[in-house]
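Engineer: Hey, dropping protein.cif in here, mmCIF, C-alpha atoms (C1' of nucleotides):
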```
data_entry
loop_
_atom_site.label_atom_id
_atom_site.label_comp_id
_atom_site.auth_asym_id
_atom_site.auth_seq_id
_atom_site.Cartn_x
_atom_site.Cartn_y
_atom_site.Cartn_z
CA MET A 1 81.39 130.87 111.12
CA GLU A 2 83.55 129.08 113.60
CA SER A 3 82.32 130.59 116.83
CA THR A 4 81.35 127.19 118.23
CA VAL A 5 84.72 125.54 117.76
CA THR A 6 86.31 124.90 121.12
CA ALA A 7 89.99 124.82 121.88
CA THR A 8 89.83 121.29 123.20
CA LYS A 9 88.14 119.74 120.21
CA ARG A 10 91.13 117.83 118.81
CA PRO A 11 89.43 116.70 115.61
CA ASP A 12 92.60 114.94 114.48
CA GLN A 13 91.96 112.12 116.91
CA ALA A 14 88.83 110.75 115.30
CA GLU A 15 89.96 111.84 111.87
CA CYS A 16 93.21 109.94 112.08
CA ALA A 17 91.58 106.93 113.68
CA LYS A 18 89.57 106.40 110.52
CA ALA A 19 92.51 107.00 108.22
CA MET A 20 94.65 104.67 110.27
CA ILE A 21 93.27 101.49 108.76
CA PRO A 22 94.15 102.28 105.12
CA VAL A 23 97.54 103.51 106.26
CA SER A 24 98.09 100.17 107.88
CA ASP A 25 97.00 98.55 104.63
CA VAL A 26 99.33 100.51 102.39
CA LEU A 27 102.13 99.90 104.84
CA ALA A 28 101.46 96.20 104.45
CA LEU A 29 101.58 96.65 100.67
CA ILE A 30 104.90 98.45 100.47
CA GLY A 31 106.33 97.36 103.80
CA GLY A 32 108.17 94.37 102.41
CA LYS A 33 111.92 94.44 102.77
CA TRP A 34 112.56 94.78 99.05
CA THR A 35 109.39 96.42 97.76
CA ILE A 36 110.59 99.99 97.51
CA TYR A 37 113.88 98.90 96.00
CA VAL A 38 112.03 97.16 93.19
CA VAL A 39 109.62 100.03 92.67
CA THR A 40 112.48 102.51 92.65
CA ALA A 41 114.47 100.46 90.19
CA LEU A 42 111.50 100.39 87.83
CA VAL A 43 110.96 104.13 87.96
CA GLY A 44 113.52 104.54 85.19
CA GLY A 45 111.57 102.28 82.88
CA PRO A 46 110.88 98.60 82.18
CA MET A 47 113.40 96.03 83.31
CA ARG A 48 114.01 92.34 82.84
CA PHE A 49 114.12 89.92 85.72
CA SER A 50 117.86 89.44 85.52
CA GLU A 51 118.42 93.16 85.24
CA LEU A 52 116.54 93.73 88.46
CA LEU A 53 118.45 90.93 90.10
CA ARG A 54 121.74 92.57 89.24
CA HIS A 55 120.54 96.10 89.88
CA ILE A 56 119.21 95.49 93.38
CA GLU A 57 122.17 94.59 95.51
CA GLY A 58 121.67 91.81 98.00
CA ILE A 59 118.29 90.56 96.85
CA SER A 60 117.86 86.85 96.22
CA GLN A 61 116.05 85.47 93.23
CA LYS A 62 113.37 84.08 95.49
CA MET A 63 112.63 87.41 97.12
CA LEU A 64 112.69 89.23 93.80
CA THR A 65 110.13 86.80 92.45
CA ALA A 66 107.95 87.09 95.54
CA THR A 67 108.14 90.88 95.61
CA LEU A 68 107.32 91.16 91.92
CA ARG A 69 104.37 88.79 92.36
CA ASP A 70 102.98 90.85 95.18
CA LEU A 71 103.44 94.09 93.28
CA GLU A 72 101.77 92.54 90.25
CA LYS A 73 98.92 91.19 92.34
CA ASP A 74 98.22 94.61 93.76
CA GLY A 75 98.47 96.30 90.38
CA PHE A 76 101.71 98.21 90.83
CA VAL A 77 103.72 96.47 88.14
CA SER A 78 102.84 94.70 84.91
CA ARG A 79 104.51 91.55 83.65
CA LYS A 80 105.12 90.97 79.97
CA VAL A 81 106.38 87.59 78.78
CA THR A 82 108.18 87.21 75.46
CA PRO A 83 108.23 83.48 74.73
CA SER A 84 111.60 83.32 73.02
CA ILE A 85 114.63 81.17 73.65
CA PRO A 86 115.90 82.09 76.08
CA PRO A 87 112.65 83.45 77.54
CA ARG A 88 112.35 87.12 78.29
CA VAL A 89 110.18 88.73 80.97
CA ASP A 90 109.86 92.47 81.34
CA TYR A 91 108.46 94.23 84.35
CA GLU A 92 107.10 97.75 84.25
CA LEU A 93 105.39 100.13 86.63
CA THR A 94 101.70 100.64 85.99
CA ASP A 95 100.14 104.08 86.23
CA MET A 96 99.20 103.32 89.80
CA GLY A 97 102.73 102.15 90.49
CA ARG A 98 104.12 105.40 89.21
CA GLU A 99 101.69 107.35 91.38
CA LEU A 100 103.20 105.61 94.37
CA ARG A 101 106.21 107.83 93.90
CA GLU A 102 104.46 110.85 95.37
CA PRO A 103 103.87 109.49 98.88
CA LEU A 104 107.24 107.76 98.64
CA LYS A 105 108.91 111.07 97.88
CA MET A 106 107.26 112.54 100.94
CA LEU A 107 108.63 109.74 103.07
CA SER A 108 112.11 110.02 101.61
CA HIS A 109 112.12 113.76 102.10
CA TRP A 110 111.03 113.37 105.69
CA ALA A 111 113.58 110.63 106.26
CA PHE A 112 116.39 112.65 104.76
CA THR A 113 115.70 115.82 106.73
CA ASN A 114 115.25 113.94 109.98
CA ARG A 115 117.95 111.31 109.92
CA ASP A 116 120.32 113.14 112.23
CA ARG A 117 117.50 113.87 114.62
CA VAL A 118 116.80 110.16 114.82
CA ASP A 119 120.48 109.40 115.31
CA ALA A 120 120.75 111.98 118.06
CA ALA A 121 117.69 110.55 119.78
CA ARG A 122 119.21 107.09 119.71
CA LEU A 123 122.49 108.24 121.21
CA LYS A 124 120.60 110.12 123.89
CA PHE A 125 118.52 107.03 124.61
CA GLU A 126 121.64 104.90 124.92
CA ALA A 127 123.26 107.42 127.22
CA ALA A 128 120.17 107.59 129.42
CA LYS A 129 120.13 103.83 129.65
CA LEU A 130 123.71 103.73 130.91
CA ASP A 131 123.05 106.39 133.53
CA GLY A 132 120.22 104.33 134.93
CA MET B 1 122.62 126.34 79.81
CA GLU B 2 121.07 122.97 79.31
CA SER B 3 122.00 122.32 75.74
CA THR B 4 123.79 119.09 76.64
CA VAL B 5 120.87 117.47 78.41
CA THR B 6 119.67 114.49 76.45
CA ALA B 7 116.15 113.16 76.24
CA THR B 8 117.15 109.84 77.74
CA LYS B 9 118.59 111.24 80.92
CA ARG B 10 115.90 110.01 83.33
CA PRO B 11 117.18 111.86 86.39
CA ASP B 12 114.59 110.20 88.60
CA GLN B 13 116.54 106.98 88.50
CA ALA B 14 119.68 108.20 90.21
CA GLU B 15 117.74 110.66 92.30
CA CYS B 16 115.45 108.02 93.73
CA ALA B 17 118.26 105.54 94.15
CA LYS B 18 119.88 107.83 96.68
CA ALA B 19 116.64 108.59 98.48
CA MET B 20 115.77 104.89 98.58
CA ILE B 21 117.96 104.08 101.54
CA PRO B 22 116.40 106.54 104.01
CA VAL B 23 112.96 105.51 102.79
CA SER B 24 113.80 101.97 103.65
CA ASP B 25 114.95 103.15 107.05
CA VAL B 26 111.86 105.13 107.87
CA LEU B 27 109.75 102.24 106.69
CA ALA B 28 111.58 100.07 109.17
CA LEU B 29 110.89 102.66 111.85
CA ILE B 30 107.16 102.92 111.34
CA GLY B 31 106.65 99.51 109.77
CA GLY B 32 105.90 97.74 113.01
CA LYS B 33 102.44 96.27 113.30
CA TRP B 34 101.31 98.68 116.02
CA THR B 35 103.49 101.72 115.43
CA ILE B 36 101.05 103.88 113.52
CA TYR B 37 98.25 102.96 115.90
CA VAL B 38 100.28 104.24 118.83
CA VAL B 39 101.40 107.36 117.01
CA THR B 40 97.85 108.07 115.89
CA ALA B 41 96.49 107.58 119.38
CA LEU B 42 98.99 110.07 120.73
CA VAL B 43 98.15 112.72 118.17
CA GLY B 44 95.31 113.89 120.38
CA GLY B 45 97.64 114.54 123.28
CA PRO B 46 99.56 112.74 126.03
CA MET B 47 98.29 109.39 127.22
CA ARG B 48 99.00 107.00 130.03
CA PHE B 49 100.11 103.45 129.42
CA SER B 50 96.79 101.97 130.48
CA GLU B 51 94.90 104.48 128.38
CA LEU B 52 96.80 103.43 125.30
CA LEU B 53 96.23 99.80 126.17
CA ARG B 54 92.48 100.35 126.28
CA HIS B 55 92.40 102.74 123.36
CA ILE B 56 94.24 100.51 120.90
CA GLU B 57 92.08 97.50 120.34
CA GLY B 58 93.84 94.18 120.15
CA ILE B 59 97.29 95.25 121.32
CA SER B 60 98.95 93.32 124.11
CA GLN B 61 100.85 95.07 126.87
CA LYS B 62 104.03 93.44 125.70
CA MET B 63 103.70 94.88 122.22
CA LEU B 64 102.62 98.25 123.55
CA THR B 65 105.71 98.35 125.73
CA ALA B 66 107.96 97.30 122.87
CA THR B 67 106.41 99.75 120.42
CA LEU B 68 106.66 102.61 122.88
CA ARG B 69 110.29 101.74 123.61
CA ASP B 70 111.15 101.80 119.93
CA LEU B 71 109.34 105.07 119.39
CA GLU B 72 111.09 106.56 122.40
CA LYS B 73 114.46 105.26 121.26
CA ASP B 74 114.06 106.94 117.89
CA GLY B 75 112.82 110.18 119.41
CA PHE B 76 109.17 110.07 118.33
CA VAL B 77 107.64 109.92 121.80
CA SER B 78 108.73 111.10 125.21
CA ARG B 79 108.19 109.18 128.43
CA LYS B 80 107.43 110.97 131.68
CA VAL B 81 107.35 108.99 134.92
CA THR B 82 105.48 110.25 137.94
CA PRO B 83 106.70 108.15 140.89
CA SER B 84 103.46 107.98 142.80
CA ILE B 85 101.47 105.07 144.16
CA PRO B 86 100.20 103.70 141.93
CA PRO B 87 102.90 104.81 139.47
CA ARG B 88 101.94 106.97 136.52
CA VAL B 89 103.66 107.08 133.14
CA ASP B 90 102.64 109.49 130.42
CA TYR B 91 103.65 109.20 126.80
CA GLU B 92 103.60 112.12 124.44
CA LEU B 93 104.58 112.79 120.86
CA THR B 94 107.74 114.84 120.44
CA ASP B 95 107.96 117.57 117.85
CA MET B 96 109.50 115.09 115.47
CA GLY B 97 106.77 112.60 116.23
CA ARG B 98 104.15 115.16 115.35
CA GLU B 99 105.92 115.94 112.11
CA LEU B 100 105.51 112.31 111.18
CA ARG B 101 101.87 113.07 110.58
CA GLU B 102 102.57 114.82 107.31
CA PRO B 103 104.02 111.87 105.39
CA LEU B 104 101.53 109.63 107.15
CA LYS B 105 98.70 111.80 105.87
CA MET B 106 100.08 111.47 102.36
CA LEU B 107 100.09 107.72 102.69
CA SER B 108 96.58 107.61 104.08
CA HIS B 109 95.32 109.88 101.36
CA TRP B 110 96.94 107.75 98.71
CA ALA B 111 95.62 104.59 100.31
CA PHE B 112 92.11 105.92 100.52
CA THR B 113 91.92 107.14 96.92
CA ASN B 114 93.46 103.96 95.55
CA ARG B 115 91.92 101.19 97.59
CA ASP B 116 89.41 100.15 94.93
CA ARG B 117 92.11 100.18 92.28
CA VAL B 118 94.10 97.75 94.40
CA ASP B 119 91.03 95.58 94.96
CA ALA B 120 90.28 95.55 91.25
CA ALA B 121 93.86 94.60 90.48
CA ARG B 122 93.67 91.70 92.91
CA LEU B 123 90.46 90.37 91.42
CA LYS B 124 91.94 90.66 87.96
CA PHE B 125 95.04 88.83 89.13
CA GLU B 126 92.96 86.04 90.62
CA ALA B 127 90.92 85.74 87.45
CA ALA B 128 94.04 85.60 85.31
CA LYS B 129 95.43 82.87 87.51
CA LEU B 130 92.35 80.74 87.00
CA ASP B 131 92.41 81.18 83.27
CA GLY B 132 95.98 80.00 83.15
"C1'" DC C 1 116.60 82.90 81.40
"C1'" DG C 2 113.12 82.99 84.68
"C1'" DG C 3 111.46 80.90 87.69
"C1'" DA C 4 109.48 76.89 91.35
"C1'" DA C 5 110.47 73.80 95.25
"C1'" DT C 6 112.75 72.74 99.33
"C1'" DC C 7 115.07 73.40 103.67
"C1'" DC C 8 116.52 76.20 107.33
"C1'" DT C 9 117.10 80.23 110.47
"C1'" DT C 10 115.61 84.30 112.54
"C1'" DC C 11 112.44 87.12 114.61
"C1'" DA C 12 108.09 89.59 115.23
"C1'" DC C 13 104.22 88.79 117.62
"C1'" DG C 14 100.85 86.63 120.92
"C1'" DA C 15 99.45 84.51 125.42
"C1'" DT C 16 100.35 83.95 129.99
"C1'" DA C 17 102.30 84.60 134.47
"C1'" DC C 18 104.90 87.23 137.75
"C1'" DT C 19 106.72 91.82 140.12
"C1'" DG C 20 107.93 96.67 142.27
"C1'" DC D 1 99.72 100.68 137.37
"C1'" DA D 2 103.28 99.73 134.49
"C1'" DG D 3 105.85 96.99 133.38
"C1'" DT D 4 109.44 92.35 132.91
"C1'" DA D 5 110.14 87.30 132.01
"C1'" DT D 6 109.21 83.16 129.58
"C1'" DC D 7 107.44 80.21 126.19
"C1'" DG D 8 105.40 79.10 121.85
"C1'" DT D 9 103.98 79.98 117.01
"C1'" DG D 10 103.97 81.51 112.24
"C1'" DA D 11 105.60 84.22 108.78
"C1'" DA D 12 109.63 86.51 106.41
"C1'" DG D 13 113.61 85.95 104.53
"C1'" DG D 14 118.08 83.46 102.89
"C1'" DA D 15 120.67 79.57 100.58
"C1'" DT D 16 120.51 75.96 97.56
"C1'" DT D 17 118.84 72.86 94.06
"C1'" DC D 18 115.99 71.57 90.14
"C1'" DC D 19 113.08 72.57 85.83
"C1'" DG D 20 110.91 74.14 81.04
#
```
Take the structure from the file and write it as structure tokens.
Structural biologist:
Amino acid sequence: MESTVTATKRPDQAECAKAMIPVSDVLALIGGKWTIYVVTALVGGPMRFSELLRHIEGISQKMLTATLRDLEKDGFVSRKVTPSIPPRVDYELTDMGRELREPLKMLSHWAFTNRDRVDAARLKFEAAKLDG
Amino acid sequence: MESTVTATKRPDQAECAKAMIPVSDVLALIGGKWTIYVVTALVGGPMRFSELLRHIEGISQKMLTATLRDLEKDGFVSRKVTPSIPPRVDYELTDMGRELREPLKMLSHWAFTNRDRVDAARLKFEAAKLDG
DNA sequence: CGGAATCCTTCACGATACTG
DNA sequence: CAGTATCGTGAAGGATTCCG
């Protein structure tokens, strides 16, 4: 079956090269400074604009608006306006938005299990720099 | 055992809120414009600086240097100098760098299976904007 | 309340030139 | 060959003000 496979084949090279472009794309989609914070906040259910603003510490109203617009544009969140006085706008994750959680969980798991390795590498790098 | 658990608990909220910070960190680590290109190029094995420069289309030597420095600082790639004439520098993924492929594969898989959904959402968003 | 508009700062990135 | 140094640009993000 696999008698012709050589040890030097390295199929991952070409394979990953193709996959690289969409990865770059999705990174552009969720790579914004506040994107994952907004997505994560909405995982628990729909939220109003002002709720998000209070819930996500440090975000400005401008960036919240921009992030929500981008997420809406790409189909990750839906926007429902209730024309009352005062107006009410609810944001909610779409099905696709919720499915984002899977790859995000992978990333968070990786990040959590590797954070001290990264820290150690940084200290080592600093030390090596001082030694010359 | 779990008689006190209510239906409105939504454990994902708090759970994700904690995981959010490291996700944001790792996104900052690999969020650079060229980072995944460099990592992907190195998946096939060690490479010299000039090889990477030729292999990664469009990258400048400044950005390649900067990206490699960042990756080295965080422990994703190792740098081996051979003081010959002309000098030779080889870059290679560390174990941790190789482990990055798993979450990256998740992202690429997600991106690939969802790219037309994103496109559709964008068209719909554009159309809705024109309708007013 | 939920934005839009404006101004300003920072910084990532690109192009080019120079060096051990 | 493998960088460093310098300059310039645009986009991202922050603070503030105004509006329906």
Engineer: Would you list the contacts of C:DA5 as a compact mmCIF listing (two decimals) with C-alpha atoms (C1' of nucleotides), in the coordinates of the input, taking every protein, DNA or RNA residue within 10 Å and counting all atoms listed in the file, but skipping same-chain residues closer than 2 positions in sequence?
Structural biologist:
```txt
# COMPACT_ATOMS: atom_id res chain seq x y z
C1' DC C 7 115.07 73.40 103.67
C1' DT D 17 118.84 72.86 94.06
C1' DC D 18 115.99 71.57 90.14
C1' DC D 19 113.08 72.57 85.83
```
Engineer: When the PyMOL selection byres ((chain A and resi 97) around 8) is applied to the file above, which residues end up in the set, as number ranges by chain?
Structural biologist: A: 39, 75-77, 93-96, 98-101
Engineer: Quick check, in Å to one decimal: how far apart do atom CA of A:Gly45 and atom CA of A:Asp90 lie?
Structural biologist: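 Going from atom CA of A:Gly45 over to atom CA of A:Asp90 covers 10.1 Å.
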Engineer: State, in Å with one decimal place, the distance from atom CA of B:Glu51 to atom CA of B:Leu29.
Structural biologist: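 That distance, rounded to one decimal, is 23.1 Å.
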Engineer: Could you list the residues chosen by the PyMOL selection byres ((chain C) within 10 of (chain A)) in this structure as number ranges by chain?
Structural biologist: C: 1-4
